[in-house]
Amino acid sequence: NLPTQVKVYEVSARDGLQAESLTLPAEVRAQLISRLGGAGLRSIEAGSFVSPKAVPQMADTRAVLDELDLGAGISYPVLTPNRRGLDDAMAAGAKDIAVFVSVTESFSRANLGDGLEVTTARNLDVATAATKAGMRARGYLSMVFGDPWEGPVDPQRVVTAAQQLLAAGCSSISLGDTIGTATPGHVSVVLQALIDSGIPVEAIALHTHNTYGQALANVYAALQLGVSEFDASAGGVGGCPFAGSATGNLATEDLLWMLDGLGISTGVDVRAVAETSQWLSQQLGKPLASATSAAIVNQ
Ligand code: HMG
Ligand code: MG
């Protein structure tokens with residue numbers, strides 16, 4: 001009993017490009033986002049209001065938002081790690097924000113510069129303030145299926161963090177397999193723990209990385225439990241600058257090829273995404289990792 005419809009949450013312009021050594025100018029990132037919108041994507045992450053020293057690739061996210069029509073039925077979430085980020089996002093006209101919390105101490109320090117307790121409290125505060133102000137908030141959890149420093153992660157930690165984010169007003173929780181070590185059985189166990197704790201499956205999204213080639217298999221395991229929101233990145237661009245072992249995100253066109261084949265509707269045109277990835281590949285001056293993109297273009 002798979003879902004009949006899936007929301008594809010596009011992260012190439014943020015999670016993807018933050019990991020590239022070449023920083024694309026804001027206008028090129030805005031073009032990428034417009035192309036993705038043209039392909040039918042309706043949730044397209046546009047950037048981050050974070051420290052430009054930590055993530056220089058996202059430094060001028062405000063200029064990206066300035067190029068977009070923020071009232072056009074497409075949401076353009078931006079990452080906001082603290083109150084300053086939220087204030088800047090609001091001033092730029094953002095309607096959607098995402099907070100991000102680690103479920104491990106080590107990655108909290110590597111990614112957010114402080115211990116778990118402090119960074120979690122800070123992010124919960126941002127989510128609460130954003131939703132009070134009428135914005136939509138998404139909550140990311142990182143290192144849900146394993147951490148390069150700490151190893152396996154207790155699913156109960158994930159349940160607790162997800163419940164905290166929902167209580168702070170987040171409308172969905174994205175479970176990050178940040179380093180791509182998850183396998184389908186593990187995904188099922190963690191999802192079942194969340195569902196058993198009373199978290200509605202509609203509030204759960206899965207954020208996979210294809211480091212070990214498991215991303216699509218993990219999506220399929222999640223579909224079987226009713227999950228209907230998946231993060232993906234055009235061309236599979238991505239990684240994580242603060243977790244060296246992470247490689248690319250699941251490619252959007254690979255996800256779409258599987259969903260199309262399963263008869264699950266997304267409203268997104270796989271061919272248009274593949275063409276956008278080819279364009280992005282030229283902008284970055286390097287080949288991208290999507291098998292579907294390569295197959296479509298070589299037809
Ligand atoms: P910190 O050093 O603990 O905090 O950083 P701070 O308050 O001491 O600030 C340090 C500097 O950043 C200061 O500048 C601040 O002004 C500035 P300086 O005085 O050194 O010139 N600063 C800011 N600048 C712009 N916008 C802001 C802001 N806040 C402080 N909002 C902080 C803490 C969180 C700010 C920092 O560590 C940071 O920005 N980290 C970036 C984290 C990030 O973007 N990570 C990537 C996204 S998460 C991810 O990719 C995982 C995900 O995809 C899911 C998955 O796969 O798991 C979501
Ligand atoms: Mg990621």
# chains A, B, ... in the order shown; residues from 1 in each chain; ligands from 1
>>> closest_atom_pairs(of="region 13-86 of chain A", to="region 133-156 of chain A", cutoff="10 Å", atoms="only C-alpha atoms", output="Markdown table")
| residue | atom | partner | partner_atom | distance |
| --- | --- | --- | --- | --- |
| A:Ser75 | CA | A:Arg136 | CA | 9.5 |
| A:Pro77 | CA | A:Ala137 | CA | 8.3 |
| A:Val78 | CA | A:Ala137 | CA | 9.5 |
| A:Leu79 | CA | A:Arg138 | CA | 9.2 |
| A:Thr80 | CA | A:Ala137 | CA | 9.8 |
>>> closest_atom_pairs(of="chain A", to="ligand 2", cutoff="12 Å", atoms="only C-alpha atoms and all ligand atoms", output="Markdown table")
| residue | atom | partner | partner_atom_place_in_ligand_line | distance |
| --- | --- | --- | --- | --- |
| A:Tyr9 | CA | ligand 2 | 1 (Mg) | 11.8 |
| A:Glu10 | CA | ligand 2 | 1 (Mg) | 11.0 |
| A:Val11 | CA | ligand 2 | 1 (Mg) | 8.0 |
| A:Ser12 | CA | ligand 2 | 1 (Mg) | 9.5 |
| A:Ala13 | CA | ligand 2 | 1 (Mg) | 11.5 |
| A:Arg14 | CA | ligand 2 | 1 (Mg) | 9.1 |
| A:Asp15 | CA | ligand 2 | 1 (Mg) | 5.5 |
| A:Gly16 | CA | ligand 2 | 1 (Mg) | 7.7 |
| A:Leu17 | CA | ligand 2 | 1 (Mg) | 10.6 |
| A:Gln18 | CA | ligand 2 | 1 (Mg) | 9.7 |
| A:Ala19 | CA | ligand 2 | 1 (Mg) | 9.4 |
| A:Glu45 | CA | ligand 2 | 1 (Mg) | 11.7 |
| A:Phe100 | CA | ligand 2 | 1 (Mg) | 10.7 |
| A:Ser102 | CA | ligand 2 | 1 (Mg) | 11.9 |
| A:Asn111 | CA | ligand 2 | 1 (Mg) | 11.9 |
| A:Tyr140 | CA | ligand 2 | 1 (Mg) | 9.4 |
| A:Leu141 | CA | ligand 2 | 1 (Mg) | 10.0 |
| A:Ser142 | CA | ligand 2 | 1 (Mg) | 8.1 |
| A:Met143 | CA | ligand 2 | 1 (Mg) | 9.7 |
| A:Val144 | CA | ligand 2 | 1 (Mg) | 11.4 |
| A:Ser174 | CA | ligand 2 | 1 (Mg) | 10.0 |
| A:Leu175 | CA | ligand 2 | 1 (Mg) | 9.7 |
| A:Gly176 | CA | ligand 2 | 1 (Mg) | 6.5 |
| A:Asp177 | CA | ligand 2 | 1 (Mg) | 7.4 |
| A:Thr178 | CA | ligand 2 | 1 (Mg) | 5.4 |
| A:Ile179 | CA | ligand 2 | 1 (Mg) | 8.2 |
| A:Gly180 | CA | ligand 2 | 1 (Mg) | 9.2 |
| A:Leu206 | CA | ligand 2 | 1 (Mg) | 10.3 |
| A:His207 | CA | ligand 2 | 1 (Mg) | 6.6 |
| A:Thr208 | CA | ligand 2 | 1 (Mg) | 7.2 |
| A:His209 | CA | ligand 2 | 1 (Mg) | 6.7 |
| A:Asn210 | CA | ligand 2 | 1 (Mg) | 10.2 |
| A:Thr211 | CA | ligand 2 | 1 (Mg) | 11.1 |
| A:Ala215 | CA | ligand 2 | 1 (Mg) | 11.9 |
| A:Phe230 | CA | ligand 2 | 1 (Mg) | 11.7 |
| A:Asp231 | CA | ligand 2 | 1 (Mg) | 8.5 |
| A:Ala232 | CA | ligand 2 | 1 (Mg) | 8.9 |
| A:Ser233 | CA | ligand 2 | 1 (Mg) | 9.1 |
| A:Gly236 | CA | ligand 2 | 1 (Mg) | 10.6 |
| A:Val237 | CA | ligand 2 | 1 (Mg) | 9.9 |
| A:Gly238 | CA | ligand 2 | 1 (Mg) | 7.0 |
| A:Gly239 | CA | ligand 2 | 1 (Mg) | 6.2 |
| A:Cys240 | CA | ligand 2 | 1 (Mg) | 6.2 |
| A:Pro241 | CA | ligand 2 | 1 (Mg) | 9.7 |
| A:Phe242 | CA | ligand 2 | 1 (Mg) | 10.4 |
| A:Ala243 | CA | ligand 2 | 1 (Mg) | 9.8 |
| A:Gly244 | CA | ligand 2 | 1 (Mg) | 12.0 |
| A:Ser245 | CA | ligand 2 | 1 (Mg) | 11.8 |
| A:Ala246 | CA | ligand 2 | 1 (Mg) | 8.3 |
| A:Thr247 | CA | ligand 2 | 1 (Mg) | 9.0 |
| A:Gly248 | CA | ligand 2 | 1 (Mg) | 8.1 |
| A:Asn249 | CA | ligand 2 | 1 (Mg) | 6.3 |
| A:Leu250 | CA | ligand 2 | 1 (Mg) | 9.2 |
| A:Ala251 | CA | ligand 2 | 1 (Mg) | 11.7 |
>>> write_last_selection(atoms="C-alpha atoms", output="mmCIF file, in the first residue's frame")
data_model
loop_
_atom_site.group_PDB
_atom_site.id
_atom_site.type_symbol
_atom_site.label_atom_id
_atom_site.label_comp_id
_atom_site.auth_asym_id
_atom_site.auth_seq_id
_atom_site.Cartn_x
_atom_site.Cartn_y
_atom_site.Cartn_z
ATOM 1 C CA TYR A 9 11.428 18.592 -1.512
ATOM 2 C CA GLU A 10 14.261 19.968 -3.652
ATOM 3 C CA VAL A 11 17.538 20.774 -1.913
ATOM 4 C CA SER A 12 20.119 21.252 -4.688
ATOM 5 C CA ALA A 13 20.284 25.039 -4.385
ATOM 6 C CA ARG A 14 21.098 24.751 -0.683
ATOM 7 C CA ASP A 15 22.280 21.336 0.524
ATOM 8 C CA GLY A 16 23.771 20.651 -2.896
ATOM 9 C CA LEU A 17 25.599 23.891 -3.548
ATOM 10 C CA GLN A 18 26.805 24.407 0.030
ATOM 11 C CA ALA A 19 29.121 21.437 -0.535
ATOM 12 C CA GLU A 45 15.118 25.262 -0.682
ATOM 13 C CA PHE A 100 18.325 22.007 11.932
ATOM 14 C CA SER A 102 21.619 17.145 15.322
ATOM 15 C CA ASN A 111 27.849 21.867 12.406
ATOM 16 C CA TYR A 140 15.733 18.821 10.118
ATOM 17 C CA LEU A 141 17.309 16.117 12.199
ATOM 18 C CA SER A 142 20.880 15.238 11.264
ATOM 19 C CA MET A 143 22.817 11.996 11.805
ATOM 20 C CA VAL A 144 19.587 10.083 12.420
ATOM 21 C CA SER A 174 13.126 15.637 7.826
ATOM 22 C CA LEU A 175 15.153 12.650 8.952
ATOM 23 C CA GLY A 176 18.689 13.182 7.734
ATOM 24 C CA ASP A 177 20.840 10.226 6.778
ATOM 25 C CA THR A 178 23.635 12.778 6.668
ATOM 26 C CA ILE A 179 26.457 10.339 5.904
ATOM 27 C CA GLY A 180 24.388 7.900 3.883
ATOM 28 C CA LEU A 206 13.266 11.362 4.593
ATOM 29 C CA HIS A 207 16.544 13.022 3.576
ATOM 30 C CA THR A 208 18.844 10.457 2.029
ATOM 31 C CA HIS A 209 22.424 10.568 0.817
ATOM 32 C CA ASN A 210 23.669 8.050 -1.713
ATOM 33 C CA THR A 211 27.130 7.584 -0.170
ATOM 34 C CA ALA A 215 19.299 6.068 -1.111
ATOM 35 C CA PHE A 230 11.373 12.971 0.224
ATOM 36 C CA ASP A 231 14.302 15.355 -0.047
ATOM 37 C CA ALA A 232 16.332 15.180 -3.241
ATOM 38 C CA SER A 233 18.864 17.241 -5.150
ATOM 39 C CA GLY A 236 22.661 14.468 -6.931
ATOM 40 C CA VAL A 237 24.812 17.471 -6.030
ATOM 41 C CA GLY A 238 25.668 17.709 -2.385
ATOM 42 C CA GLY A 239 27.423 16.306 0.577
ATOM 43 C CA CYS A 240 27.979 18.100 3.819
ATOM 44 C CA PRO A 241 30.865 20.462 4.498
ATOM 45 C CA PHE A 242 30.864 19.457 8.176
ATOM 46 C CA ALA A 243 30.793 15.680 7.707
ATOM 47 C CA GLY A 244 33.626 14.749 5.383
ATOM 48 C CA SER A 245 32.370 11.261 4.644
ATOM 49 C CA ALA A 246 29.054 12.460 3.200
ATOM 50 C CA THR A 247 28.729 12.393 -0.580
ATOM 51 C CA GLY A 248 25.883 13.411 -2.808
ATOM 52 C CA ASN A 249 22.229 13.631 -1.996
ATOM 53 C CA LEU A 250 19.773 11.345 -3.714
ATOM 54 C CA ALA A 251 19.351 12.768 -7.228
#
>>> residues_around(residues="Gln282 (chain A)", least_positions_apart="5", cutoff="12 Å", atoms="only C-alpha atoms", output="ChimeraX atom specification")
/A:24,28,32,235,275-277,287-288
>>> residues_around(residues="Leu194 (chain A)", least_positions_apart="2", cutoff="10 Å", atoms="only C-alpha atoms", output="compact mmCIF listing (two decimals) with N, CA and C atoms, in the first residue's frame")
# COMPACT_ATOMS: atom_id res chain seq x y z
N PRO A 155 17.36 5.05 18.24
CA PRO A 155 16.14 5.63 17.64
C PRO A 155 15.34 6.48 18.63
N GLN A 156 15.46 6.16 19.92
CA GLN A 156 14.71 6.93 20.91
C GLN A 156 15.13 8.39 20.95
N VAL A 158 15.96 10.03 18.36
CA VAL A 158 15.31 10.62 17.19
C VAL A 158 13.85 10.95 17.52
N VAL A 159 13.21 10.01 18.21
CA VAL A 159 11.80 10.22 18.60
C VAL A 159 11.69 11.47 19.46
N THR A 160 12.54 11.59 20.47
CA THR A 160 12.47 12.73 21.38
C THR A 160 12.69 14.04 20.63
N ALA A 162 12.30 14.66 17.44
CA ALA A 162 11.20 14.93 16.50
C ALA A 162 9.99 15.48 17.25
N GLN A 163 9.72 14.91 18.42
CA GLN A 163 8.58 15.41 19.20
C GLN A 163 8.81 16.85 19.64
N SER A 188 13.35 1.33 8.29
CA SER A 188 12.04 0.84 8.78
C SER A 188 11.98 0.88 10.30
N VAL A 189 13.05 0.47 10.96
CA VAL A 189 13.06 0.44 12.43
C VAL A 189 12.88 1.85 13.01
N VAL A 190 13.63 2.81 12.46
CA VAL A 190 13.54 4.18 12.99
C VAL A 190 12.16 4.77 12.70
N LEU A 191 11.67 4.55 11.49
CA LEU A 191 10.34 5.09 11.15
C LEU A 191 9.27 4.47 12.04
N GLN A 192 9.37 3.16 12.25
CA GLN A 192 8.37 2.50 13.08
C GLN A 192 8.39 3.06 14.50
N ASP A 196 5.15 4.62 16.10
CA ASP A 196 4.66 4.04 17.35
C ASP A 196 4.57 5.08 18.47
N SER A 197 5.40 6.12 18.38
CA SER A 197 5.37 7.15 19.43
C SER A 197 4.21 8.12 19.22
N GLY A 198 3.47 7.94 18.11
CA GLY A 198 2.31 8.79 17.86
C GLY A 198 2.56 9.92 16.89
N ILE A 199 3.75 9.99 16.33
CA ILE A 199 4.03 11.04 15.33
C ILE A 199 3.33 10.67 14.03
N PRO A 200 2.51 11.58 13.47
CA PRO A 200 1.79 11.24 12.24
C PRO A 200 2.76 11.04 11.07
N VAL A 201 2.55 10.01 10.30
CA VAL A 201 3.47 9.70 9.21
C VAL A 201 3.51 10.84 8.19
N ILE A 204 6.40 13.22 8.51
CA ILE A 204 7.77 12.70 8.41
C ILE A 204 8.27 12.79 6.97
>>> residues_around(residues="Ala94 (chain A)", least_positions_apart="3", cutoff="8 Å", atoms="only C-alpha atoms", output="list in words")
Leu65, Leu70, Tyr76, Pro77, Val78, Ala89, Met90, Ala91 and Ile97 of chain A
